[in-house]
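Notes to accompany the following structure.
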Amino acid sequence: MDRQILHIDCNKFFASVECLHRPELRGMPVAVGGNEEKRHGIVLTCNQIAAGYGVKTAEPLWQAKRKCPELVVVPPNYPLYLRFSKLAREIYEEYTDLVEPFGLDECWLDVTHSLNGEKIAEEIRQRVKRELGITVSIGVSWNKVFSKLGSDYKKPDAITVFNKENYKELIYPMDVSNLLYVGRATTKKLNARGIFTIGDLAESDPHYLESFLGKNGFMLSQFARGTEKSPVACCMDSRDLKSISNSVTAPRDLINLEDIKLTLMVIGDCVARRLREHGFKCKTVCLSVRDKNLNSYTRQCKLELPTNLSKTLVEESLKLFVQNTCTPFAIRSIGIAAADLTNEGVAVQFDLFGEAQKLEKLEKLESTIDGLKYRYGSGCVKNASLLKDKELTDFEPHDDVQRESCFGAIRDV
Amino acid sequence: MYKKTYVEVTARFDEEGAIMPIKILWYDGRIYRVDKVINVCRAASLKAGGAGIRYTCEIAGRQRYLFLEESRWFVEEICN
């Protein structure tokens, strides 16, 4: 029996929620955009009307306003989006416990053991519209990749079914860049070899694809042929959490080690706090850096002892930075990821010098601070050194990422 | 035209945790008694902007929606 997988995409999610809450915006071109002064001035999402003017997600706001001078830009309200995302998931979870989120606004559902996937999709479409006041587009197919293609195929407020009778006719002529994980670089490589459509990709020899795409060649071949079999994760299952990360685009370029250290302290604090919230420690620290010319690199190092301490994350990432960056530098954005996660309860081997005991003390201290922040807000306790440069350290990544961390089940959050 | 008006509500919590509004305190001091709750469902308010649990209430012989949005109540106030 074929599986029945639904992929549900909340259309223009942030903009739809804003337009629902502000009826005066309806009928106007609306974009949700970051703060331009803090150099976060890009379009996060726009509504259908703005899209009609050619406004695109991720383009700079000045460019969007040039395309559409009447564009209304509203600041993002993540707690509100998080609430709507949770409400949508509550609806999905009434139909199956196999609900796998993909970002805030997308989910896969496995409804194989229910009667009719298309019927469930229709019911969910209507309920989300009635109960949440936003629209979804839903793809129904026998695998996750095709169901995702389905939710993109017709939108907004629509359902597309790709079954074994129609998939070759409907999916194969699509541009190969529509396929999951086929980004700009992969599209270029495929196009250079005469592979332009998903059909071309499906008909290519997987070994040939592997010769220039590595192991992803096999994966993409399965995607295109509809033979991909990955399961939809259970909503209760968080075993697949791979890493926890935070990054920031600084309000000005970071030009010395002091700038870097201050920024890493804020980010490291957030990553460590989230590790503790999830009950994890990490054995690997990764640093990602992007300079003002948008050149970027990532480096990582293994830790001797697993940690969930911000102090260790900051020290290690600072070391990585010093080892891998030439001076002078002008860094635009920087991030820390904690990877190779283990359960925080894992036994630690004490050593001769009492290092583990010292770390244990620090853990207690940081957990106490977590408690204070939980109770009185994230800004209630801060490192005094952060006050040296308020402009640089005036951000609270922890609060911003709540929207994603609650969906940390599958994706790297 | 409608606007979203948050209101003070007196409600009863039963032993199952269900919440039933009893009266609405209007911002000018008037008190409206909820004579009957006709329907309770999750719904969006496209008129006022928001979403939550919608109580269809009978108040002084007329039907009005009262929304519980997280921990706050609002109504769709008619304005010109």
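The chains in the structure tokens are called A, B, ... from first to last as shown; in each chain the residues are counted from 1, and the ligands are counted from 1 in the order shown.
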
*Could you write out as a VMD selection string the residues of chain B within 12 Å of chain A, counting only C-alpha atoms?*
chain B and resid 1 to 4 40 to 54 67 69 to 70 76

Could you dump the residues just selected with C-alpha atoms as a tab-separated table (two decimals), in the first residue's frame?
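And here's result.tsv as it stands now:
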```tsv
chain	number	residue	atom	x	y	z
B	1	MET	CA	-16.26	49.04	9.98
B	2	TYR	CA	-15.25	47.06	13.01
B	3	LYS	CA	-12.50	47.38	15.54
B	4	LYS	CA	-11.00	45.00	18.02
B	40	VAL	CA	-18.16	27.63	21.24
B	41	CYS	CA	-15.56	26.94	18.58
B	42	ARG	CA	-12.12	27.97	17.44
B	43	ALA	CA	-12.41	30.75	14.88
B	44	ALA	CA	-10.68	33.72	13.35
B	45	SER	CA	-12.15	37.18	13.46
B	46	LEU	CA	-11.60	38.65	10.02
B	47	LYS	CA	-13.59	41.75	10.98
B	48	ALA	CA	-11.58	42.78	14.03
B	49	GLY	CA	-8.38	40.88	13.36
B	50	GLY	CA	-7.40	37.97	15.54
B	51	ALA	CA	-8.12	34.35	16.32
B	52	GLY	CA	-9.05	32.37	19.37
B	53	ILE	CA	-11.98	30.58	20.94
B	54	ARG	CA	-15.18	32.16	19.71
B	67	PHE	CA	-13.40	35.90	21.49
B	69	GLU	CA	-7.55	35.17	22.50
B	70	GLU	CA	-5.00	33.46	24.72
B	76	GLU	CA	-15.86	43.08	17.24
```

*Would you mind writing down, as an MDAnalysis selection string, each residue of region 23-144 of chain A that DSSP on the backbone assigns to alpha helix (DSSP H)?*
chainID A and resid 48:52 61:67 78:92 117:132 144

*asked:* I'd like the interatomic distance between CA of Lys229 (chain A) and CA of Lys168 (chain A), to a tenth of an Å.
replied: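 So the two atoms, CA of Lys229 (chain A) and CA of Lys168 (chain A), lie 18.1 Å apart.
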
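If you count only C-alpha atoms and ignore residues fewer than 4 places along the chain from Val37 (chain B), what sits within 9 Å of it is Met20, Pro21, Tyr55, Thr56, Cys57 and Glu58 of chain B.
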
*as a PyMOL selection string, list the residues of region 204-352 of chain A assigned to strand (DSSP E) by DSSP on the backbone atoms of this structure.*
chain A and resi 243-254+280-291+296-307+331-343

*Compare A:Asp9, A:Leu149, A:Ala88, A:Asp2 by their minimum atom-to-atom distance to Asn116 (chain A), counting only C-alpha atoms, and give me the closest one.*
A:Asp2

_Which residues are near region 92-104 of chain A? Cut-off 6 Å, only C-alpha atoms, ignore same chain within fewer than 6 positions. Put them as a PyMOL selection string._
chain A and resi 110+232-235

Keeping N, CA and C atoms for every residue in the selection just given, could you write it to a file as a CSV table (one decimal), in the first residue's frame?
```csv
chain,number,residue,atom,x,y,z
A,110,ASP,N,2.0,12.3,7.9
A,110,ASP,CA,1.8,10.9,7.3
A,110,ASP,C,0.4,10.5,7.8
A,232,VAL,N,8.1,10.2,7.9
A,232,VAL,CA,7.7,11.5,8.6
A,232,VAL,C,7.9,11.3,10.1
A,233,ALA,N,8.7,12.2,10.7
A,233,ALA,CA,9.0,12.0,12.1
A,233,ALA,C,7.8,12.2,13.0
A,234,CYS,N,7.8,11.5,14.1
A,234,CYS,CA,6.7,11.7,15.1
A,234,CYS,C,6.8,13.0,15.8
A,235,CYS,N,5.7,13.6,16.0
A,235,CYS,CA,5.8,14.9,16.7
A,235,CYS,C,6.3,14.9,18.1
```

*Please provide the set of residues having any atom within 10 Å of region 60-68 of chain A, restricted to only C-alpha atoms, with same-chain residues fewer than 4 positions apart removed, written as a PyMOL selection string.*
chain A and resi 29-36+39-44+46+49-56+72-73

*In terms of the shortest atom-to-atom distance over only C-alpha atoms, which of B:Ala60, B:Thr10, B:Thr5, B:Gly17 is closest to Cys79 (chain B)?*
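The answer is B:Thr5, which sits nearest to Cys79 (chain B).
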